[in-house]
Amino acid sequence: MTERLSRDDIAERLGRIAPWLAPGAYAIADLSRLTGGASMETWSFDAVTPDGRVPLILRRRAATPAPASADPSAAPLAREAEVIACAVAAGVPAPRIAHVCADCDDGHGGLGDAYVMHRVAGETLGKRIATDPAFAAVRPNLARQCGAALARIHAVTPPATLDHVDAAATLARYEATWRASGAVRPTIEAAFRWLERRLPRDAVAPRLIHGDFRNGNLMVDPANGLVAVLDWELAHVGDPAEDLGWLCTASWRFGQPHRRVGGFGDVDDLLAGYTEAGGEPIDPARVEFWSMLGSLKWGVMTTMMYATFAADPAAGPERGVIGRRLSEAEADIVAIIEAARQ
Amino acid sequence: MITHPTAAELVAGVAAWMPVDGSAPPFAMRVARNALEIAGRDLMLGPDADARAAARMRALLRQEGTRDELDRALVAAIRGGTIAPDEPALIEHLRQCALDTLAIDQPRYAHQLTP
């Protein structure tokens, strides 16, 4: 079990494993926390070597696991690191793994379920990537770059430990979560039935899926465009169109709904980048299916956020306010059904 | 209207959270203001939107009832296949519901519904 550790504890334990983090490293410096959810911590630090500093990131599971309902696909971090390493080897722009800390590893630092990766510089804020003039030069090529990265991810032989979750299983999982919430929303009901009628009739060749490939999890450089694909926690085996559809889901367009790819690009460019990099051609209707499922997933998630708020209102209204973003998901769902009829 | 959370829950949630010693960071204060703005718009716009939705559903389902009863009946009809998910009359009702809820919850959301 992973312990709750203070900043000083983590600095001390990272210092002990410094030689495993970078060649010649004898210490670490500038440890600071970047994000900390209930279940996962991200820390930035440098390994100090005689030749200079090596910028690194520590990802580590915090003491208590998240509520089981919050994230059914959450996997141990060692598995996440293995997937990232396979992707990097296949030419996907992603952070190189420096060290995997196994659980119960006295000899490897006592950091619990954690790994260390190289720190990449770039922008991850979706709104800036979609609208800031600093990214105007790279935006026109970004959808194509995303297509190429996805084709390379989907060509990786998946580690045997990953779950296979296809469209029907995803739909069933979210419908079960929705029923358990007790919410009564005709629009959400229509989305389930609309998707059920469009489930793929033929078997889809299963591929490695990133599982959270969207604007917000992409690191973009103002000169080079896409430099790293982040947040591999939801990687699984499934339908390759899932990743393209989630990238095109309306919830991640940051006020630019006509730029269907992440608020920055067009679907034709995404699909062209995908096939140019060796991906098997994907029918745009399947991307549309997974975008609808993406909006539905986001709608179901907002209701789960509300449940967390209702259980402990004194923790603050943030998750209650996210509950009211169901309106956005419903508007996107109705717009998709409307457009599909024309 | 959306009941998870209701306007009353949002207001009660802000009151239960709000520190009176000035210790709340600006980000949390902005979230709290947003919660109160949503609740305020809900109180102002919600009753009329509910009445319009109920009237549309009475015509669609040919039955009487409150907004909540009719929402339940409509969910049952869609789930049971009596009304197809892309039936034009249903979509027109859902489109107007979506515009009404956005006006309360997220008036600045860049949606793609026909206005």
# chains A, B, ... in the order shown; residues from 1 in each chain; ligands from 1

$ select_by_dssp --residues "chain B" --states "alpha helix (DSSP H)" --output "ChimeraX atom specification"
/B:7-17,26-61,67-80,88-105

$ interface_residues --of "chain B" --to "chain A" --cutoff "9 Å" --atoms "only C-alpha atoms" --output "VMD selection string"
chain B and resid 2 to 5 9 to 18 28 31 to 32 34 to 35 38 68 71 to 72 74 to 76 78 to 79 81 84 to 86 88 91 to 92 94 to 95 97 to 99 101 to 102 104 to 106 108 to 114

$ write_last_selection --atoms "N, CA and C atoms" --output "compact mmCIF listing (two decimals), in the first residue's frame"
# COMPACT_ATOMS: atom_id res chain seq x y z
N ILE B 2 -32.57 20.95 -14.35
CA ILE B 2 -31.61 20.00 -13.76
C ILE B 2 -31.74 20.01 -12.24
N THR B 3 -31.83 18.83 -11.68
CA THR B 3 -32.03 18.72 -10.23
C THR B 3 -30.83 18.10 -9.54
N HIS B 4 -29.74 17.93 -10.25
CA HIS B 4 -28.53 17.39 -9.62
C HIS B 4 -27.38 18.31 -9.95
N PRO B 5 -27.17 19.36 -9.18
CA PRO B 5 -27.94 19.76 -8.00
C PRO B 5 -29.10 20.70 -8.34
N GLU B 9 -29.91 23.26 -3.41
CA GLU B 9 -28.68 22.57 -3.01
C GLU B 9 -27.44 23.41 -3.28
N LEU B 10 -27.44 24.11 -4.42
CA LEU B 10 -26.30 24.97 -4.74
C LEU B 10 -26.13 26.06 -3.70
N VAL B 11 -27.25 26.73 -3.36
CA VAL B 11 -27.18 27.82 -2.38
C VAL B 11 -26.74 27.26 -1.02
N ALA B 12 -27.33 26.14 -0.61
CA ALA B 12 -26.97 25.54 0.69
C ALA B 12 -25.52 25.10 0.68
N GLY B 13 -25.04 24.59 -0.47
CA GLY B 13 -23.66 24.14 -0.58
C GLY B 13 -22.68 25.30 -0.41
N VAL B 14 -22.99 26.44 -1.03
CA VAL B 14 -22.11 27.61 -0.88
C VAL B 14 -22.09 28.04 0.58
N ALA B 15 -23.27 28.07 1.22
CA ALA B 15 -23.34 28.50 2.62
C ALA B 15 -22.58 27.54 3.53
N ALA B 16 -22.69 26.24 3.27
CA ALA B 16 -22.02 25.25 4.12
C ALA B 16 -20.50 25.33 3.99
N TRP B 17 -20.04 25.73 2.80
CA TRP B 17 -18.60 25.80 2.54
C TRP B 17 -17.97 27.12 2.96
N MET B 18 -18.69 28.23 2.77
CA MET B 18 -18.06 29.56 2.81
C MET B 18 -17.36 29.87 4.13
N ALA B 28 -11.75 29.63 -5.57
CA ALA B 28 -12.92 29.05 -4.91
C ALA B 28 -14.05 30.07 -4.81
N VAL B 31 -15.83 30.16 -8.12
CA VAL B 31 -16.72 29.00 -8.27
C VAL B 31 -18.01 29.23 -7.48
N ALA B 32 -17.87 29.78 -6.25
CA ALA B 32 -19.05 30.02 -5.42
C ALA B 32 -19.96 31.06 -6.08
N ASN B 34 -20.22 31.65 -9.25
CA ASN B 34 -20.84 30.95 -10.39
C ASN B 34 -22.02 30.11 -9.91
N ALA B 35 -21.84 29.40 -8.78
CA ALA B 35 -22.93 28.56 -8.24
C ALA B 35 -24.15 29.42 -7.90
N ILE B 38 -25.92 30.62 -11.09
CA ILE B 38 -26.76 29.56 -11.67
C ILE B 38 -28.07 29.44 -10.89
N ASP B 68 -42.16 16.61 -13.84
CA ASP B 68 -41.41 15.44 -13.39
C ASP B 68 -42.09 14.14 -13.86
N ASP B 71 -41.56 13.85 -17.62
CA ASP B 71 -40.18 13.46 -17.92
C ASP B 71 -40.00 11.95 -17.75
N ARG B 72 -40.56 11.42 -16.66
CA ARG B 72 -40.45 9.98 -16.41
C ARG B 72 -41.16 9.17 -17.49
N LEU B 74 -41.70 10.14 -20.53
CA LEU B 74 -40.96 10.26 -21.79
C LEU B 74 -39.74 9.35 -21.80
N VAL B 75 -39.02 9.28 -20.67
CA VAL B 75 -37.88 8.37 -20.57
C VAL B 75 -38.35 6.93 -20.81
N ALA B 76 -39.49 6.56 -20.21
CA ALA B 76 -40.01 5.20 -20.39
C ALA B 76 -40.35 4.94 -21.86
N ILE B 78 -39.02 6.38 -24.55
CA ILE B 78 -37.80 6.29 -25.36
C ILE B 78 -37.13 4.94 -25.07
N ARG B 79 -37.06 4.58 -23.79
CA ARG B 79 -36.40 3.34 -23.40
C ARG B 79 -37.15 2.13 -23.97
N GLY B 81 -38.94 2.08 -26.67
CA GLY B 81 -38.99 2.06 -28.13
C GLY B 81 -40.26 2.63 -28.72
N ALA B 84 -38.87 6.84 -31.13
CA ALA B 84 -37.50 6.62 -31.60
C ALA B 84 -36.61 7.79 -31.16
N PRO B 85 -35.31 7.51 -30.92
CA PRO B 85 -34.43 8.58 -30.40
C PRO B 85 -34.23 9.73 -31.39
N ASP B 86 -34.53 9.51 -32.69
CA ASP B 86 -34.38 10.62 -33.63
C ASP B 86 -35.71 11.04 -34.25
N PRO B 88 -38.58 13.33 -35.08
CA PRO B 88 -38.47 14.80 -35.15
C PRO B 88 -39.18 15.55 -34.03
N ILE B 91 -36.99 15.36 -30.97
CA ILE B 91 -35.78 16.18 -31.09
C ILE B 91 -36.11 17.66 -30.92
N GLU B 92 -37.26 18.08 -31.48
CA GLU B 92 -37.64 19.49 -31.32
C GLU B 92 -37.87 19.81 -29.84
N LEU B 94 -36.47 18.22 -27.24
CA LEU B 94 -35.18 18.16 -26.54
C LEU B 94 -34.33 19.38 -26.87
N ARG B 95 -34.45 19.88 -28.12
CA ARG B 95 -33.69 21.06 -28.52
C ARG B 95 -34.12 22.27 -27.69
N CYS B 97 -35.59 22.17 -24.77
CA CYS B 97 -35.15 21.91 -23.38
C CYS B 97 -33.68 22.31 -23.22
N ALA B 98 -32.86 21.92 -24.22
CA ALA B 98 -31.42 22.20 -24.12
C ALA B 98 -31.16 23.70 -24.12
N LEU B 99 -31.87 24.45 -24.98
CA LEU B 99 -31.68 25.91 -25.01
C LEU B 99 -32.10 26.53 -23.68
N THR B 101 -32.16 25.02 -20.64
CA THR B 101 -31.23 24.69 -19.54
C THR B 101 -29.90 25.41 -19.72
N LEU B 102 -29.45 25.58 -20.96
CA LEU B 102 -28.20 26.34 -21.18
C LEU B 102 -28.37 27.78 -20.71
N ILE B 104 -29.94 28.85 -18.32
CA ILE B 104 -29.82 28.89 -16.86
C ILE B 104 -28.39 28.53 -16.42
N ASP B 105 -27.88 27.42 -16.95
CA ASP B 105 -26.65 26.84 -16.39
C ASP B 105 -25.38 27.39 -17.02
N GLN B 106 -25.36 27.53 -18.35
CA GLN B 106 -24.12 27.89 -19.06
C GLN B 106 -24.45 28.82 -20.22
N ARG B 108 -23.05 31.11 -21.72
CA ARG B 108 -22.01 31.47 -22.71
C ARG B 108 -21.47 30.26 -23.47
N TYR B 109 -22.05 29.07 -23.25
CA TYR B 109 -21.52 27.88 -23.92
C TYR B 109 -21.70 27.97 -25.43
N ALA B 110 -20.62 27.70 -26.18
CA ALA B 110 -20.66 27.77 -27.64
C ALA B 110 -21.24 26.46 -28.19
N HIS B 111 -22.59 26.41 -28.24
CA HIS B 111 -23.26 25.17 -28.67
C HIS B 111 -23.49 25.18 -30.19
N GLN B 112 -23.97 24.07 -30.74
CA GLN B 112 -24.22 24.00 -32.18
C GLN B 112 -25.67 23.66 -32.50
N LEU B 113 -26.57 24.00 -31.58
CA LEU B 113 -27.99 23.79 -31.85
C LEU B 113 -28.48 24.84 -32.83
N THR B 114 -29.51 24.46 -33.65
CA THR B 114 -30.15 25.52 -34.44
C THR B 114 -30.91 26.40 -33.45

$ closest_residue --among "B:Ile83, B:Met44, B:Ala8, B:Ala49" --to "Leu61 in chain B" --atoms "only C-alpha atoms"
B:Ile83

$ atom_distance --atom1 "CA of Leu150 in chain A" --atom2 "CA of Arg259 in chain A"
18.5 Å

$ atom_distance --atom1 "CA of Leu90 in chain B" --atom2 "CA of Ala169 in chain A"
27.1 Å
